[in-house]
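**Q** Provided below: my_file11.cif, containing mmCIF, C-alpha atoms.
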data_upload
#
loop_
_atom_site.label_atom_id
_atom_site.label_comp_id
_atom_site.auth_asym_id
_atom_site.auth_seq_id
_atom_site.Cartn_x
_atom_site.Cartn_y
_atom_site.Cartn_z
CA VAL A 1 -174.38 95.11 41.97
CA ASN A 2 -175.81 98.58 41.93
CA GLU A 3 -173.99 101.69 40.75
CA GLU A 4 -174.17 103.70 43.95
CA ASN A 5 -172.25 101.45 46.21
CA GLU A 6 -169.34 103.59 47.18
CA ILE A 7 -168.56 103.57 50.86
CA ARG A 8 -166.23 105.89 52.67
CA THR A 9 -165.03 105.21 56.20
CA SER A 10 -162.21 106.14 58.51
CA ALA A 11 -158.98 104.35 57.61
CA SER A 12 -158.89 102.41 60.86
CA LEU A 13 -159.39 98.86 62.03
CA GLU A 14 -162.85 99.65 63.35
CA SER A 15 -164.01 100.04 59.71
CA LEU A 16 -162.71 96.63 58.67
CA LYS A 17 -165.91 94.71 59.21
CA THR A 18 -168.13 97.26 57.41
CA LEU A 19 -165.85 97.34 54.37
CA ARG A 20 -165.21 93.61 54.22
CA ASP A 21 -168.92 92.83 54.62
CA HIS A 22 -169.66 95.23 51.77
CA ALA A 23 -167.20 93.48 49.47
CA ALA A 24 -168.59 90.09 50.54
CA ALA A 25 -172.17 91.19 49.76
CA CYS A 26 -171.09 92.43 46.31
CA ALA A 27 -169.25 89.16 45.61
CA ALA A 28 -172.25 87.08 46.72
CA THR A 29 -174.60 89.16 44.53
CA PHE A 30 -172.15 88.65 41.66
CA GLY A 31 -172.68 84.91 42.11
CA CYS A 32 -169.51 83.83 43.92
CA THR A 33 -169.65 80.68 46.03
CA HIS A 34 -169.20 80.89 49.80
CA SER A 35 -165.57 79.78 49.56
CA ARG A 36 -164.81 82.31 46.81
CA VAL A 37 -166.49 85.06 48.86
CA MET A 38 -164.09 84.23 51.71
CA GLU A 39 -161.10 84.39 49.37
CA ILE A 40 -162.26 87.82 48.20
CA GLU A 41 -162.75 88.93 51.81
CA LEU A 42 -159.16 87.89 52.55
CA ALA A 43 -157.83 89.94 49.60
CA VAL A 44 -159.87 92.95 50.70
CA GLU A 45 -158.87 92.64 54.37
CA GLU A 46 -155.17 92.49 53.51
CA ALA A 47 -155.41 95.52 51.20
CA LEU A 48 -157.31 97.49 53.84
CA VAL A 49 -155.16 96.58 56.83
CA ASN A 50 -152.14 97.75 54.90
CA ILE A 51 -153.80 101.12 54.39
CA PHE A 52 -154.95 101.31 58.02
CA ASN A 53 -151.42 100.61 59.25
CA TYR A 54 -149.25 102.55 56.85
CA ALA A 55 -151.11 105.08 54.70
CA TYR A 56 -151.51 107.90 57.15
CA GLY A 57 -148.57 107.60 59.50
CA ASP A 58 -148.64 107.28 63.26
CA GLY A 59 -151.86 108.48 64.83
CA ALA A 60 -152.98 110.51 61.80
CA CYS A 61 -156.61 110.23 60.72
CA GLY A 62 -157.54 109.50 57.16
CA GLU A 63 -160.26 107.99 55.06
CA VAL A 64 -160.60 105.05 52.77
CA GLU A 65 -163.12 104.57 49.97
CA MET A 66 -164.32 101.39 48.38
CA THR A 67 -166.52 100.72 45.37
CA CYS A 68 -167.55 97.47 43.75
CA SER A 69 -168.69 97.31 40.14
CA GLU A 70 -169.07 94.70 37.43
CA ARG A 71 -166.51 95.29 34.71
CA ASP A 72 -168.12 92.62 32.57
CA ALA A 73 -170.09 89.41 33.01
CA GLU A 74 -167.00 87.62 34.34
CA THR A 75 -165.21 90.23 36.40
CA LEU A 76 -165.98 92.18 39.54
CA LEU A 77 -163.81 95.21 40.29
CA ILE A 78 -163.21 96.25 43.88
CA VAL A 79 -161.56 99.65 43.94
CA ILE A 80 -159.99 100.83 47.18
CA SER A 81 -158.54 104.32 47.45
CA ASP A 82 -156.93 106.52 50.07
CA SER A 83 -155.06 109.78 50.18
CA GLY A 84 -152.12 108.52 52.22
CA SER A 85 -148.48 108.03 51.31
CA PRO A 86 -147.85 106.41 47.93
CA PHE A 87 -147.75 102.63 48.19
CA ASP A 88 -148.02 100.09 45.41
CA PRO A 89 -148.76 96.62 46.78
CA SER A 90 -148.60 95.16 43.27
CA ALA A 91 -144.86 95.97 43.22
CA PHE A 92 -144.11 94.31 46.56
CA PRO A 93 -141.47 91.55 46.22
CA PRO A 94 -142.56 87.96 46.90
CA PRO A 95 -141.72 86.68 50.38
CA VAL A 96 -138.75 84.50 51.22
CA PHE A 97 -139.64 81.71 53.64
CA ALA A 98 -137.20 80.62 56.34
CA LYS A 99 -137.17 76.92 57.17
CA SER A 100 -137.98 77.21 60.86
CA ALA A 101 -140.48 79.18 62.90
CA ALA A 102 -137.61 80.64 64.94
CA GLU A 103 -136.10 82.24 61.82
CA ARG A 104 -139.37 83.32 60.27
CA HIS A 105 -140.38 86.96 60.16
CA VAL A 106 -143.89 87.21 61.51
CA GLY A 107 -144.96 89.99 59.14
CA GLY A 108 -145.13 90.60 55.40
CA MET A 109 -147.74 87.91 54.77
CA GLY A 110 -150.63 90.21 53.87
CA ILE A 111 -149.61 91.07 50.35
CA PRO A 112 -148.95 87.46 49.31
CA ILE A 113 -152.51 86.68 50.48
CA LEU A 114 -153.88 89.68 48.57
CA ARG A 115 -152.07 88.54 45.42
CA ARG A 116 -153.18 84.97 45.84
CA TYR A 117 -156.90 85.73 45.73
CA ALA A 118 -156.99 88.65 43.30
CA ASP A 119 -157.19 87.61 39.64
CA ALA A 120 -155.46 90.90 38.84
CA LEU A 121 -154.17 93.77 40.90
CA SER A 122 -153.51 97.22 39.52
CA TYR A 123 -152.25 100.30 41.24
CA GLU A 124 -152.35 103.93 40.19
CA ARG A 125 -151.29 107.10 41.92
CA ARG A 126 -154.00 109.61 40.89
CA GLY A 127 -153.05 113.05 42.15
CA ASP A 128 -152.66 112.61 45.88
CA ARG A 129 -154.54 109.31 45.96
CA ASN A 130 -153.60 105.65 45.92
CA VAL A 131 -156.07 103.74 43.78
CA LEU A 132 -155.90 99.97 44.03
CA THR A 133 -158.11 97.89 41.75
CA ILE A 134 -158.65 94.28 42.76
CA SER A 135 -160.19 92.31 39.89
CA VAL A 136 -161.89 89.09 40.82
CA THR A 137 -163.76 86.39 38.94
CA ARG A 138 -166.09 83.73 40.34
CA LYS A 139 -163.39 81.08 40.10
CA ASN A 140 -161.51 80.04 43.23
CA ALA A 141 -157.76 80.63 43.20
CA PRO A 142 -156.11 77.75 41.30
CA GLU A 143 -154.67 74.74 43.19
CA MET B 144 -164.13 83.91 67.20
CA GLU B 145 -164.34 81.56 70.16
CA THR B 146 -161.93 79.08 71.62
CA THR B 147 -162.38 75.98 73.73
CA ARG B 148 -159.69 74.14 75.54
CA GLU B 149 -158.88 70.59 76.57
CA LYS B 150 -156.02 69.55 78.71
CA ASP B 151 -154.44 66.18 79.37
CA ALA B 152 -151.24 64.78 80.85
CA VAL B 153 -149.14 65.59 77.77
CA GLY B 154 -150.38 68.99 76.71
CA SER B 155 -153.24 71.23 75.72
CA LYS B 156 -155.57 71.38 72.77
CA VAL B 157 -157.18 74.66 71.78
CA CYS B 158 -160.08 74.60 69.31
CA VAL B 159 -160.44 77.81 67.33
CA ILE B 160 -163.99 78.42 66.17
CA GLY B 161 -165.05 81.02 63.60
CA VAL B 162 -163.18 83.94 62.08
CA VAL B 163 -159.57 84.85 62.87
CA ASP B 164 -159.03 88.27 61.31
CA SER B 165 -157.22 91.49 62.20
CA LEU B 166 -159.92 92.19 64.78
CA SER B 167 -159.95 88.84 66.56
CA ALA B 168 -156.29 87.75 66.22
CA PRO B 169 -155.14 89.77 69.26
CA GLU B 170 -157.70 87.93 71.39
CA LEU B 171 -156.50 84.56 70.06
CA GLU B 172 -152.94 85.58 70.83
CA ARG B 173 -153.85 86.47 74.42
CA GLU B 174 -155.63 83.16 74.91
CA LEU B 175 -152.76 81.10 73.49
CA ALA B 176 -150.25 83.14 75.50
CA ASN B 177 -152.24 82.32 78.65
CA VAL B 178 -151.93 78.62 77.85
CA LEU B 179 -148.16 79.00 77.41
CA ASP B 180 -147.94 81.00 80.63
CA GLU B 181 -149.10 77.89 82.46
CA GLY B 182 -146.00 76.09 81.25
CA VAL B 183 -147.69 74.04 78.51
CA LYS B 184 -145.03 72.80 76.04
CA ASN B 185 -147.18 70.62 73.85
CA LEU B 186 -149.85 72.63 72.09
CA LEU B 187 -152.29 71.31 69.52
CA ILE B 188 -154.42 73.88 67.72
CA ASP B 189 -157.60 72.39 66.28
CA MET B 190 -158.80 74.32 63.22
CA GLU B 191 -161.61 72.02 62.18
CA ARG B 192 -164.07 74.84 62.87
CA THR B 193 -161.88 77.76 61.82
CA GLU B 194 -163.59 79.29 58.79
CA TYR B 195 -161.30 82.18 57.96
CA LEU B 196 -157.74 83.18 58.83
CA SER B 197 -155.96 86.27 57.56
CA SER B 198 -152.31 87.33 57.86
CA ALA B 199 -153.04 88.63 61.36
CA GLY B 200 -153.78 85.03 62.39
CA ILE B 201 -150.60 83.81 60.69
CA ARG B 202 -148.66 86.41 62.67
CA THR B 203 -150.22 85.16 65.91
CA ILE B 204 -149.35 81.55 65.07
CA LEU B 205 -145.74 82.45 64.27
CA ARG B 206 -145.31 84.44 67.49
CA ILE B 207 -146.71 81.60 69.59
CA ALA B 208 -144.51 79.11 67.68
CA LYS B 209 -141.40 81.19 68.38
CA ARG B 210 -142.25 81.27 72.07
CA LEU B 211 -142.82 77.52 72.21
CA ASP B 212 -139.65 76.91 70.23
CA ALA B 213 -137.60 78.97 72.67
CA ALA B 214 -139.12 76.98 75.55
CA GLY B 215 -138.33 73.65 73.88
CA GLY B 216 -141.99 72.96 73.15
CA ALA B 217 -143.92 71.94 70.06
CA LEU B 218 -146.88 73.33 68.16
CA ARG B 219 -149.06 71.12 66.02
CA PHE B 220 -152.36 71.53 64.19
CA ARG B 221 -155.29 69.45 63.17
CA GLY B 222 -158.32 70.00 60.97
CA VAL B 223 -156.72 72.75 58.87
CA HIS B 224 -158.87 72.77 55.74
CA GLY B 225 -160.34 74.81 52.90
CA VAL B 226 -159.31 78.42 52.52
CA VAL B 227 -157.45 78.31 55.87
CA ARG B 228 -155.22 75.51 54.59
CA ASP B 229 -154.63 77.52 51.42
CA VAL B 230 -153.55 80.53 53.51
CA PHE B 231 -151.13 78.26 55.41
CA ARG B 232 -149.68 77.16 52.07
CA VAL B 233 -149.44 80.62 50.49
CA THR B 234 -147.63 81.99 53.53
CA GLY B 235 -145.26 78.98 53.74
CA VAL B 236 -146.49 78.18 57.25
CA ASP B 237 -147.58 74.67 56.17
CA ARG B 238 -143.90 73.70 55.90
CA LEU B 239 -143.12 74.66 59.48
CA PHE B 240 -145.63 72.52 61.33
CA ASN B 241 -147.29 69.16 61.50
CA LEU B 242 -150.77 69.99 60.21
CA ASP B 243 -152.23 66.58 60.89
CA GLY B 244 -151.24 66.12 64.50
CA GLU B 245 -154.30 64.22 65.65
CA ARG B 246 -153.17 63.30 69.13
CA LEU B 247 -151.67 65.21 71.97
CA GLN B 248 -148.31 63.58 72.56
#
For the file at hand, write its structure as structure tokens.

**A**
Amino acid sequence: VNEENEIRTSASLESLKTLRDHAAACAATFGCTHSRVMEIELAVEEALVNIFNYAYGDGACGEVEMTCSERDAETLLIVISDSGSPFDPSAFPPPVFAKSAAERHVGGMGIPILRRYADALSYERRGDRNVLTISVTRKNAPE
Amino acid sequence: METTREKDAVGSKVCVIGVVDSLSAPELERELANVLDEGVKNLLIDMERTEYLSSAGIRTILRIAKRLDAAGGALRFRGVHGVVRDVFRVTGVDRLFNLDGERLQ
């Protein structure tokens, strides 16, 4: 994983593939298996989609930045930042599941998926920016 | 993502091939909604060849399930495996459906 791998794109759905592919390439270079790469892509997609939908309010344009770096031999850090409204996904309460599809809310499933596949999640508000660090190892999420 | 469809006397089977993410989920939703528009009450979604499914796909499944439920129909799955099965479990969706519904009936 090289040092100069920061990418900056518009915070919109059309950037999803570019950003997710970037994270996937970093994870593959780091030595993750195909199934672990997909888990990491899921975590990254859910973090990004949340930013695309909520960070900048209706119709407003904004940017998102992503960098991948090796923290140590075991851990890859994927840092995603934006300058939208403060939002800490690591503080989001766990979902409550209704027993039937009719009673189920259709939303709110992104953050549980993000949490599931990140080994650690840390959030910081730095000035006017949200900085989310997704730490991942090569190990698949436990059974 | 691609879908293929089979129909018999009791219902329809839709095979979902490839990646269901925030970009492709709306297309899947349109295709499944078209099947329901024809009055199909028995829907089997085959995920043998579904490689990836994010929360956008879960949302699509739940919306289609609600519609079928309201119409007195049933939604079942087959071939849900790997990371897709794990996503079903993490989002509690595995408890709502028969995930091993091999036959259309």

**Q** Which residues of chain A are close to chain B, meaning at most 9 Å apart when you count all atoms listed in the file, and how do they look as a ChimeraX atom specification?

**A** /A:13-14,16-17,35-36,38-39,42-43,45-46,49,95-113,116,143

**Q** Determine, counting all atoms listed in the file, which protein, DNA and RNA residues have an atom within 12 Å of an atom of stretch 175-181 of chain B; residues of the same chain fewer than 2 positions away are not included. Present the result as an MDAnalysis selection string.

**A** chainID B and resid 146:150 154:159 168:173 183:188 200 203:218

**Q** Given the file shown, determine the residues that the PyMOL selection byres ((chain A and resi 77) around 8) selects; report them as a list in words.

**A**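 In the shown coordinates, the PyMOL selection byres ((chain A and resi 77) around 8) covers Thr67, Cys68, Ser69, Glu70, Arg71, Thr75, Leu76, Ile78, Val79, Thr133, Ile134, Ser135 and Val136 of chain A.
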
**Q** Would you work out the distance separating atom CA of A:Ser90 from atom CA of A:Glu6, expressed in Å to one decimal?

**A**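 Taking atom CA of A:Ser90 and atom CA of A:Glu6, their separation equals 22.7 Å.
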
**Q** Go through B:Met144, B:Met190, B:Val163, B:Val153 and flag the residue nearest B:Arg228, using all atoms listed in the file for the distances.

**A**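 For B:Arg228, the nearest of the candidates is B:Met190.
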
**Q** By how many Å are atom CA of A:Asn53 and atom CA of A:Arg115 apart?

**A** 18.4 Å

**Q** Mind pulling up the distance from atom CA of A:Asn50 to atom CA of A:Met66?

**A** 14.3 Å

**Q** Smallest atom-to-atom distance to A:Ser81: which of A:Asn130, A:Thr137, A:Ser10, A:Asn5, using only C-alpha atoms?

**A** A:Asn130

**Q** Could you list the residues chosen by the PyMOL selection byres ((chain B and resi 220) around 6) in this structure as a PDB file with C-alpha atoms, in the frame of the given file?

**A**
ATOM      1  CA  LEU B 187    -152.290  71.310  69.520  1.00  0.00           C
ATOM      2  CA  ILE B 188    -154.420  73.880  67.720  1.00  0.00           C
ATOM      3  CA  ASP B 189    -157.600  72.390  66.280  1.00  0.00           C
ATOM      4  CA  ARG B 219    -149.060  71.120  66.020  1.00  0.00           C
ATOM      5  CA  ARG B 221    -155.290  69.450  63.170  1.00  0.00           C
ATOM      6  CA  LEU B 242    -150.770  69.990  60.210  1.00  0.00           C
ATOM      7  CA  ASP B 243    -152.230  66.580  60.890  1.00  0.00           C
ATOM      8  CA  GLY B 244    -151.240  66.120  64.500  1.00  0.00           C
TER       9      GLY B 244
END

**Q** Which residue, A:Asp82, A:Asp58, A:Glu41, A:Asp21, has the smallest gap to A:Arg8 when you use all atoms listed in the file?

**A**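 Ranking A:Asp82, A:Asp58, A:Glu41, A:Asp21 by distance to A:Arg8, first place goes to A:Asp82.
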
**Q** Show me, as AutoDock Vina command-line options, the centre and edge lengths in Å to one decimal of the axis-aligned box that covers every listed atom of stretch 36-48 of chain A with 8 Å on each side.

**A**
--center_x -160.8 --center_y 89.9 --center_z 50.6 --size_x 27.3 --size_y 31.2 --size_z 23.6

**Q** Which residue is closest to A:Phe87? Choose from A:Leu19, A:Ala73, A:Ala25, A:Ile51 and count all atoms listed in the file.

**A**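 Distance minimum relative to A:Phe87 lands on A:Ile51.
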
**Q** Here's a test: counting all atoms listed in the file, identify every protein, DNA and RNA residue with an atom at most 7 Å from (-158.3, 105.6, 51.3) in the file's coordinate frame, and state them as a PyMOL selection string.

**A** chain A and resi 11+63-65+80-84
